[in-house]
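A.B. asks: Enclosed is the structure file data_35.cif (mmCIF, C-alpha atoms).
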data_final
loop_
_atom_site.group_PDB
_atom_site.id
_atom_site.type_symbol
_atom_site.label_atom_id
_atom_site.label_comp_id
_atom_site.auth_asym_id
_atom_site.auth_seq_id
_atom_site.Cartn_x
_atom_site.Cartn_y
_atom_site.Cartn_z
ATOM 1 C CA MET J 1 -20.272 -18.178 -18.525
ATOM 2 C CA ALA J 2 -17.731 -16.397 -20.713
ATOM 3 C CA GLY J 3 -15.904 -15.120 -17.620
ATOM 4 C CA ARG J 4 -15.434 -18.553 -16.090
ATOM 5 C CA SER J 5 -12.209 -20.409 -16.599
ATOM 6 C CA PHE J 6 -11.818 -24.138 -17.030
ATOM 7 C CA LEU J 7 -8.519 -24.100 -15.176
ATOM 8 C CA ILE J 8 -8.573 -25.262 -11.581
ATOM 9 C CA ARG J 9 -6.692 -23.036 -9.204
ATOM 10 C CA SER J 10 -4.407 -24.494 -6.608
ATOM 11 C CA PRO J 11 -4.899 -23.662 -2.927
ATOM 12 C CA LYS J 12 -1.609 -21.762 -2.967
ATOM 13 C CA GLU J 13 -2.966 -19.417 -5.624
ATOM 14 C CA GLU J 14 -6.055 -18.757 -3.499
ATOM 15 C CA GLU J 15 -3.849 -17.954 -0.494
ATOM 16 C CA SER J 16 -1.700 -15.722 -2.691
ATOM 17 C CA ASN J 17 -4.723 -13.769 -3.930
ATOM 18 C CA ALA J 18 -5.941 -13.308 -0.368
ATOM 19 C CA ALA J 19 -2.517 -12.053 0.694
ATOM 20 C CA VAL J 20 -2.346 -9.605 -2.209
ATOM 21 C CA ARG J 21 -5.881 -8.382 -1.517
ATOM 22 C CA GLU J 22 -5.000 -7.827 2.142
ATOM 23 C CA ALA J 23 -1.832 -5.963 1.161
ATOM 24 C CA VAL J 24 -3.721 -3.708 -1.249
ATOM 25 C CA LEU J 25 -6.422 -2.875 1.300
ATOM 26 C CA LEU J 26 -3.925 -2.085 4.054
ATOM 27 C CA GLY J 27 -1.782 -0.104 1.620
ATOM 28 C CA ALA J 28 -4.743 1.952 0.443
ATOM 29 C CA ARG J 29 -5.794 2.686 3.994
ATOM 30 C CA ASN J 30 -2.315 3.829 4.991
ATOM 31 C CA ALA J 31 -1.960 5.850 1.782
ATOM 32 C CA ALA J 32 -5.119 7.744 2.683
ATOM 33 C CA ILE J 33 -3.857 8.351 6.201
ATOM 34 C CA ALA J 34 -0.422 9.477 4.976
ATOM 35 C CA GLY J 35 -1.985 11.783 2.407
ATOM 36 C CA SER J 36 -4.196 13.388 5.018
ATOM 37 C CA VAL J 37 -1.347 13.804 7.476
ATOM 38 C CA VAL J 38 0.910 15.414 4.869
ATOM 39 C CA ALA J 39 -1.756 17.486 3.129
ATOM 40 C CA VAL J 40 -2.693 19.599 6.131
ATOM 41 C CA PRO J 41 0.767 20.997 6.961
ATOM 42 C CA THR J 42 1.651 21.327 3.265
ATOM 43 C CA LEU J 43 -1.431 23.353 2.427
ATOM 44 C CA VAL J 44 -1.258 25.430 5.606
ATOM 45 C CA GLY J 45 2.448 26.062 5.107
ATOM 46 C CA CYS J 46 1.868 27.257 1.555
ATOM 47 C CA ARG J 47 -0.663 29.783 2.818
ATOM 48 C CA VAL J 48 1.285 31.008 5.869
ATOM 49 C CA LEU J 49 5.041 30.710 5.263
ATOM 50 C CA PRO J 50 6.432 33.344 2.900
ATOM 51 C CA TRP J 51 9.063 31.030 1.380
ATOM 52 C CA ALA J 52 6.559 28.268 0.694
ATOM 53 C CA LYS J 53 4.042 30.750 -0.688
ATOM 54 C CA ALA J 54 6.652 32.082 -3.124
ATOM 55 C CA ASN J 55 8.226 28.800 -4.185
ATOM 56 C CA LEU J 56 5.640 25.997 -3.981
ATOM 57 C CA ASN J 57 3.010 26.192 -6.695
ATOM 58 C CA TYR J 58 0.000 23.866 -6.929
ATOM 59 C CA THR J 59 1.997 21.227 -8.803
ATOM 60 C CA ALA J 60 4.678 21.115 -6.121
ATOM 61 C CA GLN J 61 2.043 20.803 -3.405
ATOM 62 C CA ALA J 62 0.366 17.942 -5.274
ATOM 63 C CA LEU J 63 3.718 16.188 -5.744
ATOM 64 C CA ILE J 64 4.535 16.437 -2.041
ATOM 65 C CA ILE J 65 1.166 14.995 -1.045
ATOM 66 C CA SER J 66 1.152 12.261 -3.700
ATOM 67 C CA ALA J 67 4.719 11.214 -2.816
ATOM 68 C CA ALA J 68 3.600 10.598 0.758
ATOM 69 C CA CYS J 69 0.578 8.613 -0.445
ATOM 70 C CA ILE J 70 2.651 6.471 -2.785
ATOM 71 C CA ALA J 71 5.295 5.810 -0.144
ATOM 72 C CA GLY J 72 2.658 4.873 2.424
ATOM 73 C CA PHE J 73 0.992 2.464 0.014
ATOM 74 C CA PHE J 74 4.108 0.656 -1.155
ATOM 75 C CA ILE J 75 5.789 0.414 2.233
ATOM 76 C CA THR J 76 2.651 -1.016 3.828
ATOM 77 C CA ALA J 77 1.915 -3.403 0.962
ATOM 78 C CA ASP J 78 5.517 -4.645 0.953
ATOM 79 C CA LYS J 79 5.548 -5.208 4.709
ATOM 80 C CA THR J 80 2.221 -7.050 4.539
ATOM 81 C CA ILE J 81 3.354 -9.373 1.750
ATOM 82 C CA LEU J 82 6.649 -10.084 3.521
ATOM 83 C CA ARG J 83 4.813 -10.787 6.788
ATOM 84 C CA ASN J 84 2.501 -13.247 5.047
ATOM 85 C CA ALA J 85 5.436 -14.946 3.320
ATOM 86 C CA ARG J 86 7.269 -15.237 6.638
ATOM 87 C CA GLN J 87 4.193 -16.763 8.285
ATOM 88 C CA ASN J 88 3.859 -19.271 5.444
ATOM 89 C CA THR J 89 7.518 -20.232 5.751
ATOM 90 C CA ILE J 90 7.334 -20.599 9.519
ATOM 91 C CA GLY J 91 4.160 -22.658 9.135
ATOM 92 C CA LYS J 92 5.910 -25.013 6.723
ATOM 93 C CA LEU J 93 8.869 -25.383 9.076
ATOM 94 C CA ASP J 94 6.579 -26.160 12.012
ATOM 95 C CA LYS J 95 4.776 -28.850 10.008
ATOM 96 C CA SER J 96 8.001 -30.568 9.012
ATOM 97 C CA THR J 97 9.343 -30.901 12.559
#
Take the structure in the file and write it out as structure tokens.

C.D. replies:
Amino acid sequence: MAGRSFLIRSPKEEESNAAVREAVLLGARNAAIAGSVVAVPTLVGCRVLPWAKANLNYTAQALIISAACIAGFFITADKTILRNARQNTIGKLDKST
């Protein structure tokens, strides 16, 4: 019972948590996809191309792959949250007319 709160949450907070949860799940999925798509050519290129073999150490390879993962996560999460906000706004406008 120590984890329970005596505060009552509003329905808007419940909708907000659902929207954030959806954004995080979609962002994580797209981050995994982006990481996989970028990892293969990065790792193959570092084994095959002479320039990449000479200049890209393991840290550089990890930074390239993680940058793609981070970008995929944040772009997807941002688009999802904005889409949900737009739907909420359109829903409010439809109710008022």

A.B. asks: Any idea what's packed within 7 Å of J:Ile81, counting all atoms listed in the file, ignoring anything in its chain fewer than 2 positions away? Could you give it as a PyMOL selection string?

C.D. replies: chain J and resi 19-20+23+77-79+83-85

A.B. asks: Of the candidates J:Val44, J:Ala34, J:Ala54, J:Ala62, which one gets nearest to J:Ile75 if we count only C-alpha atoms?

C.D. replies: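 Looking at the shortest contact to J:Ile75, the residue is J:Ala34.
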
A.B. asks: Evaluated on this file, the PyMOL selection byres ((chain J and resi 30) around 10) picks out some residues - which ones are they, written as a list in words?

C.D. replies: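 Expected selection for the PyMOL selection byres ((chain J and resi 30) around 10) here is Val24, Leu25, Leu26, Gly27, Ala28, Arg29, Ala31, Ala32, Ile33, Ala34, Gly35, Ser36, Ala68, Cys69, Ile70, Ala71, Gly72, Phe73, Phe74, Ile75, Thr76 and Ala77 of chain J.
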
A.B. asks: Let me have the centre and edge lengths in Å, one decimal, of the box along x, y and z around every listed atom of stretch 35-40 of chain J with 8 Å of margin on each side, as lines of an AutoDock Vina configuration file.

C.D. replies:
center_x = -1.6
center_y = 15.7
center_z = 4.9
size_x = 21.1
size_y = 23.8
size_z = 21.1
